[in-house]
Each structure stands twice: as structure tokens, then as C-alpha cells.
$ cat start21.txt   # compact mmCIF, N, CA and C atoms
# COMPACT_ATOMS: atom_id res chain seq x y z
N MET A 1 0.84 -1.18 0.00
CA MET A 1 0.00 0.00 0.00
C MET A 1 0.88 1.25 0.00
N ARG A 2 0.53 2.21 -0.79
CA ARG A 2 1.31 3.44 -0.92
C ARG A 2 0.87 4.47 0.11
N TRP A 3 1.83 5.10 0.77
CA TRP A 3 1.54 6.16 1.76
C TRP A 3 1.23 7.45 1.04
N THR A 4 0.11 8.05 1.38
CA THR A 4 -0.30 9.32 0.78
C THR A 4 -0.80 10.24 1.88
N PRO A 5 -0.09 11.35 2.13
CA PRO A 5 -0.58 12.29 3.13
C PRO A 5 -1.76 13.08 2.58
N HIS A 6 -2.58 13.57 3.48
CA HIS A 6 -3.74 14.38 3.10
C HIS A 6 -3.44 15.84 3.40
N ALA A 7 -3.56 16.71 2.39
CA ALA A 7 -3.32 18.14 2.56
C ALA A 7 -4.62 18.80 3.00
N THR A 8 -4.60 19.44 4.17
CA THR A 8 -5.78 20.06 4.72
C THR A 8 -5.49 21.48 5.17
N VAL A 9 -6.56 22.23 5.37
CA VAL A 9 -6.48 23.57 5.95
C VAL A 9 -7.42 23.62 7.15
N ALA A 10 -7.11 24.54 8.06
CA ALA A 10 -8.00 24.83 9.18
C ALA A 10 -7.92 26.33 9.41
N THR A 11 -8.95 26.87 10.03
CA THR A 11 -9.01 28.32 10.22
C THR A 11 -9.36 28.65 11.66
N ILE A 12 -8.53 29.51 12.26
CA ILE A 12 -8.81 30.08 13.58
C ILE A 12 -9.49 31.42 13.34
N VAL A 13 -10.70 31.55 13.82
CA VAL A 13 -11.44 32.81 13.74
C VAL A 13 -11.84 33.15 15.17
N GLU A 14 -11.34 34.29 15.66
CA GLU A 14 -11.59 34.69 17.05
C GLU A 14 -12.32 36.03 17.06
N ASP A 15 -13.28 36.14 17.95
CA ASP A 15 -14.00 37.39 18.14
C ASP A 15 -14.31 37.55 19.63
N SER A 16 -13.70 38.55 20.24
CA SER A 16 -13.95 38.86 21.66
C SER A 16 -13.75 37.65 22.58
N GLY A 17 -12.67 36.89 22.31
CA GLY A 17 -12.35 35.76 23.18
C GLY A 17 -13.10 34.49 22.87
N ARG A 18 -13.88 34.49 21.81
CA ARG A 18 -14.61 33.29 21.41
C ARG A 18 -14.13 32.84 20.03
N PHE A 19 -14.09 31.54 19.83
CA PHE A 19 -13.57 30.95 18.61
C PHE A 19 -14.68 30.26 17.82
N LEU A 20 -14.62 30.41 16.50
CA LEU A 20 -15.58 29.77 15.61
C LEU A 20 -15.24 28.29 15.51
N ILE A 21 -16.18 27.46 15.92
CA ILE A 21 -16.00 26.01 16.00
C ILE A 21 -17.16 25.34 15.27
N VAL A 22 -16.90 24.19 14.69
CA VAL A 22 -17.98 23.42 14.08
C VAL A 22 -18.22 22.16 14.89
N GLU A 23 -19.49 21.82 15.00
CA GLU A 23 -19.88 20.53 15.57
C GLU A 23 -20.25 19.66 14.37
N GLU A 24 -19.56 18.54 14.24
CA GLU A 24 -19.72 17.71 13.05
C GLU A 24 -19.80 16.24 13.40
N GLU A 25 -20.38 15.49 12.49
CA GLU A 25 -20.46 14.04 12.64
C GLU A 25 -19.15 13.41 12.24
N ALA A 26 -18.67 12.50 13.06
CA ALA A 26 -17.47 11.72 12.74
C ALA A 26 -17.73 10.30 13.23
N GLY A 27 -17.96 9.41 12.30
CA GLY A 27 -18.35 8.06 12.71
C GLY A 27 -19.73 8.13 13.36
N ASN A 28 -19.81 7.62 14.57
CA ASN A 28 -21.07 7.64 15.31
C ASN A 28 -21.07 8.70 16.40
N SER A 29 -20.19 9.68 16.30
CA SER A 29 -20.05 10.70 17.34
C SER A 29 -20.22 12.10 16.76
N LEU A 30 -20.51 13.04 17.65
CA LEU A 30 -20.48 14.45 17.30
C LEU A 30 -19.22 15.02 17.90
N VAL A 31 -18.37 15.61 17.06
CA VAL A 31 -17.09 16.13 17.50
C VAL A 31 -17.00 17.62 17.22
N LEU A 32 -16.03 18.27 17.87
CA LEU A 32 -15.78 19.70 17.69
C LEU A 32 -14.47 19.88 16.93
N ASN A 33 -14.46 20.86 16.03
CA ASN A 33 -13.27 21.10 15.22
C ASN A 33 -13.26 22.56 14.77
N GLN A 34 -12.10 23.04 14.36
CA GLN A 34 -12.06 24.30 13.65
C GLN A 34 -12.72 24.06 12.28
N PRO A 35 -13.17 25.10 11.61
CA PRO A 35 -13.55 24.91 10.21
C PRO A 35 -12.31 24.37 9.48
N ALA A 36 -12.46 23.25 8.81
CA ALA A 36 -11.29 22.59 8.23
C ALA A 36 -11.72 21.65 7.12
N GLY A 37 -10.77 21.32 6.26
CA GLY A 37 -11.05 20.36 5.22
C GLY A 37 -9.90 20.22 4.25
N HIS A 38 -10.11 19.39 3.26
CA HIS A 38 -9.09 19.08 2.27
C HIS A 38 -9.02 20.12 1.17
N LEU A 39 -7.81 20.32 0.67
CA LEU A 39 -7.64 21.14 -0.52
C LEU A 39 -8.21 20.40 -1.71
N GLU A 40 -8.79 21.16 -2.64
CA GLU A 40 -9.26 20.59 -3.88
C GLU A 40 -8.21 20.80 -4.96
N GLU A 41 -8.30 20.04 -6.03
CA GLU A 41 -7.32 20.14 -7.11
C GLU A 41 -7.24 21.57 -7.63
N ASP A 42 -6.02 22.07 -7.80
CA ASP A 42 -5.73 23.41 -8.31
C ASP A 42 -6.21 24.54 -7.40
N GLU A 43 -6.50 24.26 -6.16
CA GLU A 43 -6.96 25.27 -5.21
C GLU A 43 -5.79 25.74 -4.35
N SER A 44 -5.71 27.04 -4.10
CA SER A 44 -4.65 27.55 -3.24
C SER A 44 -5.01 27.30 -1.77
N PHE A 45 -4.01 27.36 -0.91
CA PHE A 45 -4.26 27.21 0.52
C PHE A 45 -5.25 28.25 1.02
N LEU A 46 -5.06 29.51 0.60
CA LEU A 46 -5.93 30.59 1.09
C LEU A 46 -7.35 30.42 0.59
N ASP A 47 -7.51 30.06 -0.67
CA ASP A 47 -8.85 29.83 -1.19
C ASP A 47 -9.53 28.66 -0.48
N ALA A 48 -8.76 27.62 -0.18
CA ALA A 48 -9.31 26.47 0.54
C ALA A 48 -9.77 26.87 1.94
N ALA A 49 -8.99 27.70 2.62
CA ALA A 49 -9.37 28.15 3.96
C ALA A 49 -10.66 28.98 3.91
N ARG A 50 -10.75 29.87 2.94
CA ARG A 50 -11.97 30.67 2.77
C ARG A 50 -13.18 29.77 2.48
N ARG A 51 -13.00 28.87 1.52
CA ARG A 51 -14.09 27.99 1.09
C ARG A 51 -14.56 27.09 2.22
N GLU A 52 -13.62 26.40 2.87
CA GLU A 52 -14.00 25.46 3.93
C GLU A 52 -14.72 26.17 5.08
N THR A 53 -14.24 27.35 5.44
CA THR A 53 -14.89 28.09 6.53
C THR A 53 -16.31 28.47 6.14
N LEU A 54 -16.50 28.95 4.93
CA LEU A 54 -17.83 29.31 4.47
C LEU A 54 -18.75 28.09 4.40
N GLU A 55 -18.26 27.01 3.81
CA GLU A 55 -19.08 25.81 3.66
C GLU A 55 -19.49 25.19 5.00
N GLU A 56 -18.61 25.28 5.98
CA GLU A 56 -18.88 24.61 7.25
C GLU A 56 -19.55 25.51 8.29
N THR A 57 -19.45 26.84 8.12
CA THR A 57 -19.99 27.73 9.16
C THR A 57 -20.96 28.79 8.64
N GLY A 58 -20.93 29.08 7.35
CA GLY A 58 -21.72 30.17 6.82
C GLY A 58 -21.05 31.52 6.98
N TRP A 59 -19.80 31.54 7.46
CA TRP A 59 -19.06 32.79 7.66
C TRP A 59 -18.06 33.00 6.53
N HIS A 60 -18.08 34.20 5.95
CA HIS A 60 -17.04 34.64 5.02
C HIS A 60 -15.89 35.14 5.89
N VAL A 61 -14.67 34.71 5.57
CA VAL A 61 -13.49 35.13 6.33
C VAL A 61 -12.39 35.56 5.39
N GLU A 62 -11.45 36.31 5.94
CA GLU A 62 -10.26 36.71 5.18
C GLU A 62 -9.02 36.31 5.98
N PRO A 63 -8.25 35.35 5.46
CA PRO A 63 -7.02 34.96 6.16
C PRO A 63 -6.06 36.14 6.28
N GLU A 64 -5.46 36.27 7.46
CA GLU A 64 -4.52 37.37 7.72
C GLU A 64 -3.12 36.90 8.07
N HIS A 65 -3.01 35.70 8.64
CA HIS A 65 -1.71 35.14 9.02
C HIS A 65 -1.75 33.62 8.87
N LEU A 66 -0.58 33.06 8.73
CA LEU A 66 -0.40 31.61 8.84
C LEU A 66 -0.07 31.34 10.29
N LEU A 67 -0.83 30.46 10.93
CA LEU A 67 -0.53 30.10 12.32
C LEU A 67 0.58 29.06 12.35
N GLY A 68 0.50 28.09 11.46
CA GLY A 68 1.55 27.06 11.45
C GLY A 68 1.18 25.89 10.56
N LEU A 69 2.13 24.99 10.43
CA LEU A 69 1.96 23.74 9.70
C LEU A 69 2.00 22.62 10.71
N TYR A 70 1.03 21.74 10.68
CA TYR A 70 0.88 20.70 11.68
C TYR A 70 0.75 19.35 10.99
N VAL A 71 1.32 18.32 11.60
CA VAL A 71 1.21 16.96 11.08
C VAL A 71 0.51 16.12 12.14
N TYR A 72 -0.49 15.39 11.71
CA TYR A 72 -1.28 14.57 12.63
C TYR A 72 -1.57 13.23 11.99
N LYS A 73 -1.27 12.15 12.69
CA LYS A 73 -1.62 10.81 12.22
C LYS A 73 -2.80 10.32 13.05
N ALA A 74 -3.93 10.17 12.40
CA ALA A 74 -5.16 9.78 13.09
C ALA A 74 -5.08 8.34 13.57
N PRO A 75 -5.24 8.13 14.87
CA PRO A 75 -5.16 6.76 15.38
C PRO A 75 -6.33 5.89 14.89
N SER A 76 -7.44 6.52 14.54
CA SER A 76 -8.61 5.76 14.12
C SER A 76 -8.44 5.08 12.76
N ASN A 77 -7.66 5.72 11.86
CA ASN A 77 -7.52 5.14 10.52
C ASN A 77 -6.09 5.12 9.99
N GLY A 78 -5.14 5.66 10.76
CA GLY A 78 -3.75 5.66 10.35
C GLY A 78 -3.40 6.67 9.27
N VAL A 79 -4.35 7.54 8.90
CA VAL A 79 -4.11 8.54 7.86
C VAL A 79 -3.30 9.70 8.44
N THR A 80 -2.31 10.15 7.67
CA THR A 80 -1.50 11.31 8.06
C THR A 80 -2.06 12.55 7.38
N TYR A 81 -2.33 13.57 8.21
CA TYR A 81 -2.86 14.83 7.71
C TYR A 81 -1.80 15.91 7.87
N HIS A 82 -1.56 16.66 6.80
CA HIS A 82 -0.67 17.83 6.84
C HIS A 82 -1.60 19.04 6.81
N ARG A 83 -1.66 19.76 7.93
CA ARG A 83 -2.61 20.84 8.12
C ARG A 83 -1.92 22.19 8.09
N ALA A 84 -2.38 23.06 7.20
CA ALA A 84 -1.96 24.46 7.21
C ALA A 84 -3.07 25.20 7.95
N CYS A 85 -2.73 25.78 9.09
CA CYS A 85 -3.73 26.47 9.90
C CYS A 85 -3.55 27.97 9.76
N PHE A 86 -4.65 28.64 9.45
CA PHE A 86 -4.65 30.08 9.21
C PHE A 86 -5.41 30.81 10.31
N ILE A 87 -5.02 32.05 10.52
CA ILE A 87 -5.76 32.97 11.37
C ILE A 87 -6.53 33.88 10.43
N ALA A 88 -7.83 33.96 10.61
CA ALA A 88 -8.65 34.74 9.70
C ALA A 88 -9.57 35.69 10.47
N ARG A 89 -9.93 36.75 9.79
CA ARG A 89 -10.86 37.75 10.31
C ARG A 89 -12.24 37.45 9.73
N ALA A 90 -13.26 37.46 10.61
CA ALA A 90 -14.64 37.27 10.15
C ALA A 90 -15.07 38.52 9.38
N VAL A 91 -15.61 38.32 8.18
CA VAL A 91 -16.04 39.42 7.32
C VAL A 91 -17.56 39.58 7.41
N GLY A 92 -18.28 38.49 7.39
CA GLY A 92 -19.73 38.54 7.46
C GLY A 92 -20.32 37.15 7.39
N GLN A 93 -21.52 37.02 7.91
CA GLN A 93 -22.19 35.73 7.95
C GLN A 93 -23.32 35.67 6.93
N ASP A 94 -23.49 34.51 6.33
CA ASP A 94 -24.63 34.23 5.49
C ASP A 94 -25.52 33.28 6.29
N PRO A 95 -26.47 33.81 7.08
CA PRO A 95 -27.25 32.98 8.00
C PRO A 95 -28.16 31.97 7.33
N HIS A 96 -28.40 32.12 6.02
CA HIS A 96 -29.29 31.21 5.31
C HIS A 96 -28.54 30.14 4.53
N ARG A 97 -27.23 30.18 4.61
CA ARG A 97 -26.42 29.23 3.84
C ARG A 97 -26.57 27.82 4.41
N GLN A 98 -26.78 26.87 3.51
CA GLN A 98 -26.83 25.46 3.88
C GLN A 98 -25.40 25.01 4.21
N LEU A 99 -25.19 24.41 5.39
CA LEU A 99 -23.86 23.94 5.78
C LEU A 99 -23.57 22.59 5.14
N ASP A 100 -22.28 22.28 5.02
CA ASP A 100 -21.84 21.01 4.44
C ASP A 100 -22.53 19.83 5.11
N GLU A 101 -22.66 18.76 4.35
CA GLU A 101 -23.20 17.52 4.90
C GLU A 101 -22.30 17.05 6.04
N GLY A 102 -22.90 16.66 7.12
CA GLY A 102 -22.16 16.19 8.29
C GLY A 102 -21.88 17.27 9.31
N ILE A 103 -22.07 18.54 8.92
CA ILE A 103 -21.90 19.64 9.87
C ILE A 103 -23.24 19.88 10.55
N VAL A 104 -23.26 19.79 11.87
CA VAL A 104 -24.50 19.98 12.62
C VAL A 104 -24.76 21.46 12.84
N ARG A 105 -23.71 22.19 13.25
CA ARG A 105 -23.87 23.62 13.49
C ARG A 105 -22.51 24.26 13.72
N ALA A 106 -22.52 25.59 13.61
CA ALA A 106 -21.34 26.39 13.94
C ALA A 106 -21.58 27.02 15.30
N LEU A 107 -20.53 27.07 16.12
CA LEU A 107 -20.61 27.60 17.48
C LEU A 107 -19.50 28.61 17.72
N TRP A 108 -19.72 29.54 18.62
CA TRP A 108 -18.66 30.41 19.11
C TRP A 108 -18.40 29.98 20.54
N MET A 109 -17.16 29.52 20.82
CA MET A 109 -16.82 29.00 22.15
C MET A 109 -15.53 29.63 22.65
N THR A 110 -15.44 29.79 23.96
CA THR A 110 -14.20 30.27 24.56
C THR A 110 -13.19 29.11 24.61
N ARG A 111 -11.94 29.45 24.84
CA ARG A 111 -10.91 28.42 24.97
C ARG A 111 -11.26 27.47 26.11
N ASP A 112 -11.75 28.03 27.23
CA ASP A 112 -12.10 27.19 28.39
C ASP A 112 -13.27 26.25 28.06
N GLU A 113 -14.24 26.72 27.31
CA GLU A 113 -15.36 25.86 26.92
C GLU A 113 -14.87 24.74 26.01
N ILE A 114 -13.95 25.07 25.13
CA ILE A 114 -13.39 24.04 24.22
C ILE A 114 -12.60 23.02 25.03
N ALA A 115 -11.76 23.50 25.95
CA ALA A 115 -10.97 22.60 26.78
C ALA A 115 -11.85 21.70 27.65
N ALA A 116 -12.98 22.24 28.10
CA ALA A 116 -13.91 21.44 28.92
C ALA A 116 -14.55 20.33 28.11
N ASN A 117 -14.49 20.42 26.78
CA ASN A 117 -15.02 19.39 25.89
C ASN A 117 -13.91 18.61 25.20
N ALA A 118 -12.77 18.48 25.87
CA ALA A 118 -11.59 17.85 25.26
C ALA A 118 -11.89 16.45 24.73
N ASP A 119 -12.80 15.73 25.37
CA ASP A 119 -13.14 14.38 24.93
C ASP A 119 -13.95 14.38 23.63
N ARG A 120 -14.42 15.55 23.21
CA ARG A 120 -15.21 15.66 21.98
C ARG A 120 -14.44 16.29 20.83
N LEU A 121 -13.17 16.60 21.03
CA LEU A 121 -12.40 17.25 19.97
C LEU A 121 -12.05 16.26 18.86
N ARG A 122 -12.13 16.72 17.63
CA ARG A 122 -11.82 15.87 16.47
C ARG A 122 -10.40 15.33 16.57
N SER A 123 -9.49 16.20 17.02
CA SER A 123 -8.11 15.78 17.27
C SER A 123 -7.51 16.73 18.29
N GLN A 124 -6.32 16.38 18.75
CA GLN A 124 -5.63 17.25 19.70
C GLN A 124 -5.20 18.57 19.06
N LEU A 125 -5.21 18.62 17.72
CA LEU A 125 -4.80 19.85 17.02
C LEU A 125 -5.78 21.00 17.26
N VAL A 126 -7.03 20.71 17.59
CA VAL A 126 -8.01 21.77 17.82
C VAL A 126 -7.52 22.70 18.93
N LEU A 127 -7.22 22.13 20.08
CA LEU A 127 -6.76 22.94 21.22
C LEU A 127 -5.33 23.42 21.02
N LYS A 128 -4.48 22.62 20.39
CA LYS A 128 -3.10 23.02 20.13
C LYS A 128 -3.05 24.29 19.28
N CYS A 129 -3.87 24.35 18.23
CA CYS A 129 -3.89 25.53 17.36
C CYS A 129 -4.41 26.75 18.12
N ILE A 130 -5.43 26.58 18.93
CA ILE A 130 -5.94 27.70 19.72
C ILE A 130 -4.89 28.20 20.70
N ASP A 131 -4.21 27.28 21.35
CA ASP A 131 -3.16 27.67 22.29
C ASP A 131 -2.00 28.37 21.59
N ASP A 132 -1.64 27.90 20.41
CA ASP A 132 -0.59 28.58 19.64
C ASP A 132 -1.04 29.99 19.27
N TYR A 133 -2.27 30.13 18.86
CA TYR A 133 -2.83 31.46 18.55
C TYR A 133 -2.77 32.37 19.77
N LEU A 134 -3.22 31.87 20.91
CA LEU A 134 -3.24 32.68 22.13
C LEU A 134 -1.83 33.02 22.60
N ALA A 135 -0.85 32.19 22.25
CA ALA A 135 0.55 32.46 22.61
C ALA A 135 1.17 33.52 21.69
N GLY A 136 0.42 33.94 20.67
CA GLY A 136 0.91 35.00 19.79
C GLY A 136 1.63 34.53 18.55
N THR A 137 1.57 33.25 18.26
CA THR A 137 2.23 32.73 17.06
C THR A 137 1.57 33.30 15.81
N ARG A 138 2.37 33.87 14.93
CA ARG A 138 1.87 34.46 13.68
C ARG A 138 2.99 34.42 12.66
N PHE A 139 2.67 34.02 11.45
CA PHE A 139 3.61 34.07 10.34
C PHE A 139 2.94 34.79 9.18
N PRO A 140 3.71 35.52 8.38
CA PRO A 140 3.10 36.24 7.25
C PRO A 140 2.62 35.27 6.17
N LEU A 141 1.54 35.65 5.52
CA LEU A 141 1.02 34.83 4.42
C LEU A 141 2.02 34.75 3.27
N SER A 142 2.97 35.67 3.23
CA SER A 142 3.98 35.67 2.17
C SER A 142 4.90 34.45 2.24
N LEU A 143 4.84 33.67 3.32
CA LEU A 143 5.61 32.42 3.39
C LEU A 143 5.12 31.41 2.36
N ILE A 144 3.89 31.58 1.93
CA ILE A 144 3.28 30.63 0.99
C ILE A 144 3.49 31.15 -0.43
N HIS A 145 4.08 30.31 -1.25
CA HIS A 145 4.32 30.67 -2.65
C HIS A 145 3.48 29.75 -3.53
N GLU A 146 2.45 30.33 -4.11
CA GLU A 146 1.55 29.57 -4.98
C GLU A 146 1.38 30.34 -6.28
N PRO A 147 1.14 29.62 -7.36
CA PRO A 147 0.91 30.32 -8.64
C PRO A 147 -0.38 31.13 -8.60
$ encode --input "start21.txt" --output "C-alpha cells"
Amino acid sequence: MRWTPHATVATIVEDSGRFLIVEEEAGNSLVLNQPAGHLEEDESFLDAARRETLEETGWHVEPEHLLGLYVYKAPSNGVTYHRACFIARAVGQDPHRQLDEGIVRALWMTRDEIAANADRLRSQLVLKCIDDYLAGTRFPLSLIHEP
């Protein structure tokens, strides 16, 4: 079997100490995650972050910084995910937008509320990315070179 990593994006959107989180179906459970998903063919990282956030939350966002690059191997299926996590500013909400299949709802939660639900997190990267954001980690978007 050939090893193939999965290229994904995630977005940290913070407003007044609360973070945009999605509650989504994963297997037979409801889990919490940042707006996140896979890059599509010929899609840039920034466009993927904008698209995934809109599709999963109904919020239009504008990425402002790269938070970091994260590697996660899911114990449930052995798949390795390479995640580019962005910090984005909320631009506006489309309250009538149909959310992606499997997304139950979008929530605004504090870091403490998210930590209190640690057993429901899609992966440990959810809290890790928030903690990195709160620690002030920021990289310029110019680190990414795409056509």
C-alpha cells in the first residue's frame, strides 16, 4: 500500500475571546473542530481556507496570518494529515447558507469551553492551534508561494 498524506487547511477565527467552532459528525459521534477540510485540485491554501470556513460555518473570512503547519496521524484510521492552519478575520455571515453535509452547526466558544469538551475534539490539534494562537504565534502569508 502506498503512503499518501492528506493536505488540509483549518481556520482560527476569534472574536472577543470566542472561537468559531464546528460541531460535526465523525463516525457515530459528534465532535468539535475548527472549520477545516481538504484542498481541492488546483486550489490555493488561502482559497481552501476561505471555502471550507464558508461551507462549514456560513461565515465569510479573510485569512490574515499563517498560524503554522501541523502533522497529525489519526489513530482511528492511520491517515496522516498535513494541516496548514490560518488565522482569519470574520467578514460577514450568510445565516441562510446550507452547511456542508455532516456539519451539525457552527458555534462560538471560549478556549475554556473548548478545553472542557476535550473528549469531543476531532483531534488534539483543535486545542493546540488555539493555544498557539493565544501564545501570539503568527507568520506572514507571504511564506506561501503559490501560482
$ atom_distance --input "start21.txt" --atom1 "atom C of A:Ala88" --atom2 "atom CA of A:Gly27"
29.1 Å
$ closest_residue --input "start21.txt" --among "A:Ala74, A:Val13, A:Ala7, A:Ala116" --to "A:Ala90" --atoms "all atoms listed in the file"
A:Val13
$ atom_distance --input "start21.txt" --atom1 "atom CA of A:Glu24" --atom2 "atom CA of A:Arg105"
7.2 Å
$ residues_around --input "start21.txt" --residues "stretch 59-66 of chain A" --least-positions-apart "6" --cutoff "8 Å" --atoms "only C-alpha atoms" --output "ChimeraX atom specification"
/A:46,49-50,53,84-94,138-141
$ closest_residue --input "start21.txt" --among "A:Ala10, A:Val22, A:Pro147, A:Ser142" --to "A:Val104" --atoms "all atoms listed in the file"
A:Val22
$ atom_distance --input "start21.txt" --atom1 "atom CA of A:Val126" --atom2 "atom N of A:Ile114"
10.0 Å
$ closest_residue --input "start21.txt" --among "A:Asp131, A:Glu146, A:Glu25, A:Glu113" --to "A:Ser44" --atoms "only N, CA and C atoms"
A:Glu146
$ residues_near_point --input "start21.txt" --point "(-6.2, 18.0, 8.5)" --cutoff "7 Å" --atoms "only N, CA and C atoms" --output "list in words"
His6, Ala7, Thr8, Val9, Ala10, Ala36, Gly37, His38, Thr80, Tyr81, His82, Arg83 and Ala84 of chain A
$ select_by_dssp --input "start21.txt" --residues "chain A" --states "helix (DSSP H, G or I)" --output "PyMOL selection string"
chain A and resi 45-57+111-116+118-120+125-134+141-143
$ select_by_dssp --input "start21.txt" --residues "chain A" --states "strand (DSSP E)" --output "PyMOL selection string"
chain A and resi 6-15+18-26+29-33+36-38+59-73+80-93+103-110
$ closest_residue --input "start21.txt" --among "A:Ala135, A:Leu54, A:Ala26, A:Leu20" --to "A:Gln98" --atoms "only N, CA and C atoms"
A:Leu54
$ closest_residue --input "start21.txt" --among "A:Glu52, A:Asp119, A:Asp112, A:Asp47" --to "A:Leu32" --atoms "all atoms listed in the file"
A:Asp119
$ closest_residue --input "start21.txt" --among "A:Leu30, A:Val79, A:Leu67, A:Ile12" --to "A:Arg122" --atoms "all atoms listed in the file"
A:Leu30
$ residues_around --input "start21.txt" --residues "A:Leu121" --least-positions-apart "3" --cutoff "6 Å" --atoms "all atoms listed in the file" --output "CSV table (one decimal) with N, CA and C atoms, in the frame of the given file"
chain,number,residue,atom,x,y,z
A,31,VAL,N,-18.4,15.6,17.1
A,31,VAL,CA,-17.1,16.1,17.5
A,31,VAL,C,-17.0,17.6,17.2
A,32,LEU,N,-16.0,18.3,17.9
A,32,LEU,CA,-15.8,19.7,17.7
A,32,LEU,C,-14.5,19.9,16.9
A,33,ASN,N,-14.5,20.9,16.0
A,33,ASN,CA,-13.3,21.1,15.2
A,33,ASN,C,-13.3,22.6,14.8
A,117,ASN,N,-14.5,20.4,26.8
A,117,ASN,CA,-15.0,19.4,25.9
A,117,ASN,C,-13.9,18.6,25.2
A,118,ALA,N,-12.8,18.5,25.9
A,118,ALA,CA,-11.6,17.8,25.3
A,118,ALA,C,-11.9,16.4,24.7
A,124,GLN,N,-6.3,16.4,18.8
A,124,GLN,CA,-5.6,17.2,19.7
A,124,GLN,C,-5.2,18.6,19.1
$ axis_aligned_box --input "start21.txt" --around "stretch 68-78 of chain A" --padding-each-side "8 Å" --output "AutoDock Vina command-line options"
--center_x -3.2 --center_y 16.6 --center_z 12.3 --size_x 26.7 --size_y 39.0 --size_z 22.1
